[in-house]
Amino acid sequence: MLRKNWWKILSFILLIYTFTAGFLGGVPAKPILNETIRNLYYHVAMWMAMMIFFIISVVYAIRYLRNNKPVFDIYSVEFARTGIVFGVLGLVTGSVWAKYAWGAFWSNDPKQLGAAIALLIYLAYFVLRNSLTDVDKSARISAVYNVFAFAMLFPTLWIIPRLVESLHPGGMGNPAFNTKDIDSRMRLIFDLGAVPGWTLLGVWISTLRIRLKLFSLKHEIHE
Amino acid sequence: MNKTICRVFLFFACLILTAFVYAQDSLQKEKPQMAGLMRSNGKIYVVVAVVVIILAGLFIYLINLDRRINSLEKKIKI
């Protein structure tokens, strides 16, 4: 999987589809949102991809804790890193969208605050990791912290913003994707184009970093 | 490459086809202003072209990076 090519091509095809159908395809006409509803394919897809990377990251962290293979630690770190990149992009694009939908770049909305807290927790993962000089200790402690950081996604992203009143869709116990907000034309592009396309792109970037790290690690040993 | 990959591609191709057979929209009480005209002669295709070029550029960059790492891995057989 790490060195195969077909899924990289698939990622390109899916993203081309997302960008052409995303701009030209039909969308439901909504007041306030107007054409910005198309941000679903780009802004929301960032968060979906981020969640997938964090899930991959925590799985590898647990695998590292189970059998102490350094490879799993590298996988875990690089997927967390890509996850943060996508998360920051999601936060910034959400902020731009909020300016035109809610009236301000930042309005201390529970969804915004929760997302920011979740990202800060993941940033602390790298602070913690890089503050330890011993390689094994750093890998072990950061793997344990990774599990905690992932657990914190539940309240910050998935529970609190849904319980309280929020400007963001999905507040007050309503699901974010209901038929009132988007229709089947949008769902199709989102589910089959945007989410897998962006996710595969992120996986590609992560695997490149993983390969580079594995390479430099093995090269050092040989020297 | 093999049968499963062909199947995956076919699966996505079939699903994408269904995008064009969308028939009905839910009833709208009022019509908010949309870019109906924008899309026909408001040069939205220019934006699509720009975005597609950026995407293609990014992919070319990634492919290059991928190849470079590949050759490094091959050069120093581990």
# chains A, B, ... in the order shown; residues from 1 in each chain; ligands from 1
$ closest_atom_pairs --of "chain A" --to "chain B" --cutoff "7 Å" --atoms "only C-alpha atoms" --output "JSON lines"
{"residue": "A:Ile16", "atom": "CA", "partner": "B:Val52", "partner_atom": "CA", "distance": 6.6}
{"residue": "A:Phe19", "atom": "CA", "partner": "B:Val48", "partner_atom": "CA", "distance": 6.8}
{"residue": "A:Thr20", "atom": "CA", "partner": "B:Val48", "partner_atom": "CA", "distance": 6.1}
{"residue": "A:Phe23", "atom": "CA", "partner": "B:Val48", "partner_atom": "CA", "distance": 6.8}
{"residue": "A:Ala29", "atom": "CA", "partner": "B:Pro32", "partner_atom": "CA", "distance": 6.2}
{"residue": "A:Lys30", "atom": "CA", "partner": "B:Pro32", "partner_atom": "CA", "distance": 6.1}
{"residue": "A:Pro31", "atom": "CA", "partner": "B:Pro32", "partner_atom": "CA", "distance": 5.3}
{"residue": "A:Asn34", "atom": "CA", "partner": "B:Met34", "partner_atom": "CA", "distance": 6.0}
{"residue": "A:Glu35", "atom": "CA", "partner": "B:Met34", "partner_atom": "CA", "distance": 6.6}
{"residue": "A:Arg185", "atom": "CA", "partner": "B:Ala19", "partner_atom": "CA", "distance": 6.5}
{"residue": "A:Leu208", "atom": "CA", "partner": "B:Asp66", "partner_atom": "CA", "distance": 6.5}
{"residue": "A:Leu212", "atom": "CA", "partner": "B:Ile69", "partner_atom": "CA", "distance": 6.8}
{"residue": "A:Phe215", "atom": "CA", "partner": "B:Glu73", "partner_atom": "CA", "distance": 6.9}
$ residues_around --residues "Ala149 (chain A)" --least-positions-apart "2" --cutoff "12 Å" --atoms "only C-alpha atoms" --output "compact mmCIF listing (two decimals) with N, CA and C atoms, in the first residue's frame"
# COMPACT_ATOMS: atom_id res chain seq x y z
N MET A 51 -10.48 13.75 10.96
CA MET A 51 -10.94 12.71 11.90
C MET A 51 -10.40 11.34 11.48
N PHE A 54 -6.76 11.14 12.47
CA PHE A 54 -6.58 10.97 13.91
C PHE A 54 -6.95 9.55 14.34
N ILE A 55 -7.94 8.98 13.68
CA ILE A 55 -8.29 7.58 14.00
C ILE A 55 -7.12 6.66 13.61
N SER A 57 -4.05 7.48 13.40
CA SER A 57 -2.96 7.80 14.32
C SER A 57 -3.12 7.07 15.65
N VAL A 58 -4.33 7.10 16.20
CA VAL A 58 -4.52 6.47 17.51
C VAL A 58 -4.42 4.94 17.39
N ALA A 61 -0.84 4.27 17.48
CA ALA A 61 -0.31 4.51 18.83
C ALA A 61 -0.57 3.31 19.71
N ALA A 80 -0.87 11.99 12.65
CA ALA A 80 -1.32 13.07 13.52
C ALA A 80 -0.93 14.42 12.93
N ILE A 84 -3.42 17.44 11.84
CA ILE A 84 -3.37 18.82 12.32
C ILE A 84 -3.39 19.80 11.14
N ILE A 117 -9.91 23.86 20.65
CA ILE A 117 -9.36 23.13 21.80
C ILE A 117 -8.81 21.78 21.34
N ALA A 118 -9.57 21.09 20.49
CA ALA A 118 -9.13 19.78 19.99
C ALA A 118 -7.79 19.90 19.27
N LEU A 119 -7.65 20.95 18.47
CA LEU A 119 -6.39 21.12 17.74
C LEU A 119 -5.25 21.46 18.68
N LEU A 120 -5.53 22.29 19.70
CA LEU A 120 -4.48 22.64 20.66
C LEU A 120 -4.00 21.41 21.41
N ILE A 121 -4.94 20.51 21.73
CA ILE A 121 -4.56 19.28 22.42
C ILE A 121 -3.61 18.46 21.54
N TYR A 122 -3.91 18.42 20.24
CA TYR A 122 -3.03 17.69 19.33
C TYR A 122 -1.69 18.39 19.12
N LEU A 123 -1.71 19.74 19.18
CA LEU A 123 -0.43 20.44 19.07
C LEU A 123 0.45 20.13 20.28
N ALA A 124 -0.20 20.00 21.44
CA ALA A 124 0.55 19.67 22.66
C ALA A 124 1.22 18.30 22.53
N TYR A 125 0.62 17.44 21.72
CA TYR A 125 1.21 16.12 21.45
C TYR A 125 2.62 16.27 20.89
N PHE A 126 2.78 17.24 19.98
CA PHE A 126 4.11 17.44 19.39
C PHE A 126 5.05 18.15 20.35
N LEU A 128 4.99 17.79 23.61
CA LEU A 128 5.39 16.73 24.55
C LEU A 128 6.44 15.82 23.92
N SER A 142 4.39 9.66 24.11
CA SER A 142 3.53 10.33 23.14
C SER A 142 2.43 9.40 22.63
N ALA A 143 2.69 8.10 22.61
CA ALA A 143 1.63 7.15 22.22
C ALA A 143 0.51 7.15 23.26
N VAL A 144 0.90 7.21 24.53
CA VAL A 144 -0.11 7.26 25.60
C VAL A 144 -0.90 8.56 25.50
N TYR A 145 -0.18 9.65 25.25
CA TYR A 145 -0.85 10.95 25.13
C TYR A 145 -1.78 10.97 23.92
N ASN A 146 -1.37 10.31 22.86
CA ASN A 146 -2.19 10.25 21.64
C ASN A 146 -3.57 9.66 21.94
N VAL A 147 -3.60 8.63 22.78
CA VAL A 147 -4.88 8.02 23.13
C VAL A 147 -5.75 9.04 23.88
N ALA A 151 -9.26 10.70 22.70
CA ALA A 151 -10.45 10.64 23.57
C ALA A 151 -11.07 12.02 23.74
N MET A 152 -10.22 13.06 23.73
CA MET A 152 -10.72 14.42 23.89
C MET A 152 -11.49 14.91 22.67
N LEU A 153 -11.35 14.21 21.54
CA LEU A 153 -12.14 14.60 20.36
C LEU A 153 -13.63 14.37 20.61
N PHE A 154 -13.93 13.37 21.46
CA PHE A 154 -15.35 13.06 21.69
C PHE A 154 -16.09 14.24 22.30
N PRO A 155 -15.64 14.77 23.48
CA PRO A 155 -16.38 15.93 23.98
C PRO A 155 -16.21 17.19 23.12
N THR A 156 -14.99 17.46 22.65
CA THR A 156 -14.76 18.76 22.00
C THR A 156 -15.38 18.86 20.62
N LEU A 157 -15.39 17.78 19.87
CA LEU A 157 -15.94 17.88 18.51
C LEU A 157 -17.32 17.25 18.38
$ atom_distance --atom1 "CA of Phe11 (chain B)" --atom2 "CA of Ile56 (chain A)"
24.9 Å
$ atom_distance --atom1 "CA of Leu15 (chain A)" --atom2 "CA of Leu33 (chain A)"
23.1 Å
$ closest_residue --among "A:Ser216, A:Asn39, A:Ser166, A:Asn5" --to "Asp109 (chain A)" --atoms "only C-alpha atoms"
A:Ser166
$ atom_distance --atom1 "CA of Gly90 (chain A)" --atom2 "CA of Glu78 (chain A)"
18.3 Å
$ select_by_dssp --residues "region 44-220 of chain A" --states "alpha helix (DSSP H)" --output "JSON, numbers by chain"
{"A": [44, 45, 46, 47, 48, 49, 50, 51, 52, 53, 54, 55, 56, 57, 58, 59, 60, 61, 62, 63, 64, 65, 66, 67, 70, 71, 72, 73, 74, 75, 76, 77, 78, 79, 80, 81, 82, 83, 84, 85, 86, 87, 88, 89, 90, 91, 92, 93, 94, 95, 96, 97, 98, 99, 100, 101, 110, 111, 112, 113, 114, 115, 116, 117, 118, 119, 120, 121, 122, 123, 124, 125, 126, 127, 128, 129, 130, 131, 135, 136, 137, 138, 139, 140, 141, 142, 143, 144, 145, 146, 147, 148, 149, 150, 151, 152, 153, 160, 161, 162, 163, 184, 185, 186, 187, 188, 195, 196, 197, 198, 199, 200, 201, 202, 203, 204, 205, 206, 207, 208, 209, 210, 211, 212, 213, 214, 215, 216, 217, 218, 219, 220]}
$ decode --residues "region 71-85 of chain A" --atoms "N, CA and C atoms" --output "JSON list (two decimals), in the first residue's frame"
[["chain", "number", "residue", "atom", "x", "y", "z"],
["A", 71, "VAL", "N", 8.29, 1.44, 14.00],
["A", 71, "VAL", "CA", 7.57, 1.81, 12.76],
["A", 71, "VAL", "C", 6.19, 2.37, 13.08],
["A", 72, "PHE", "N", 5.52, 1.73, 14.04],
["A", 72, "PHE", "CA", 4.17, 2.16, 14.38],
["A", 72, "PHE", "C", 4.18, 3.56, 14.96],
["A", 73, "ASP", "N", 5.23, 3.88, 15.70],
["A", 73, "ASP", "CA", 5.34, 5.22, 16.26],
["A", 73, "ASP", "C", 5.45, 6.25, 15.13],
["A", 74, "ILE", "N", 6.26, 5.93, 14.11],
["A", 74, "ILE", "CA", 6.42, 6.84, 12.98],
["A", 74, "ILE", "C", 5.09, 7.04, 12.26],
["A", 75, "TYR", "N", 4.36, 5.94, 12.03],
["A", 75, "TYR", "CA", 3.05, 6.04, 11.39],
["A", 75, "TYR", "C", 2.13, 6.95, 12.20],
["A", 76, "SER", "N", 2.11, 6.70, 13.49],
["A", 76, "SER", "CA", 1.22, 7.44, 14.37],
["A", 76, "SER", "C", 1.51, 8.95, 14.32],
["A", 77, "VAL", "N", 2.78, 9.30, 14.39],
["A", 77, "VAL", "CA", 3.17, 10.71, 14.39],
["A", 77, "VAL", "C", 2.80, 11.38, 13.07],
["A", 78, "GLU", "N", 3.13, 10.73, 11.98],
["A", 78, "GLU", "CA", 2.92, 11.39, 10.68],
["A", 78, "GLU", "C", 1.44, 11.56, 10.36],
["A", 79, "PHE", "N", 0.62, 10.60, 10.78],
["A", 79, "PHE", "CA", -0.82, 10.79, 10.53],
["A", 79, "PHE", "C", -1.38, 11.88, 11.43],
["A", 80, "ALA", "N", -0.87, 11.99, 12.65],
["A", 80, "ALA", "CA", -1.32, 13.07, 13.52],
["A", 80, "ALA", "C", -0.93, 14.42, 12.93],
["A", 81, "ARG", "N", 0.26, 14.46, 12.34],
["A", 81, "ARG", "CA", 0.75, 15.71, 11.74],
["A", 81, "ARG", "C", -0.16, 16.14, 10.56],
["A", 82, "THR", "N", -0.45, 15.20, 9.68],
["A", 82, "THR", "CA", -1.34, 15.52, 8.56],
["A", 82, "THR", "C", -2.72, 15.91, 9.08],
["A", 83, "GLY", "N", -3.16, 15.23, 10.12],
["A", 83, "GLY", "CA", -4.45, 15.56, 10.72],
["A", 83, "GLY", "C", -4.50, 16.99, 11.19],
["A", 84, "ILE", "N", -3.42, 17.44, 11.84],
["A", 84, "ILE", "CA", -3.37, 18.82, 12.32],
["A", 84, "ILE", "C", -3.39, 19.80, 11.14],
["A", 85, "VAL", "N", -2.65, 19.49, 10.08],
["A", 85, "VAL", "CA", -2.64, 20.37, 8.90],
["A", 85, "VAL", "C", -4.06, 20.53, 8.36]]
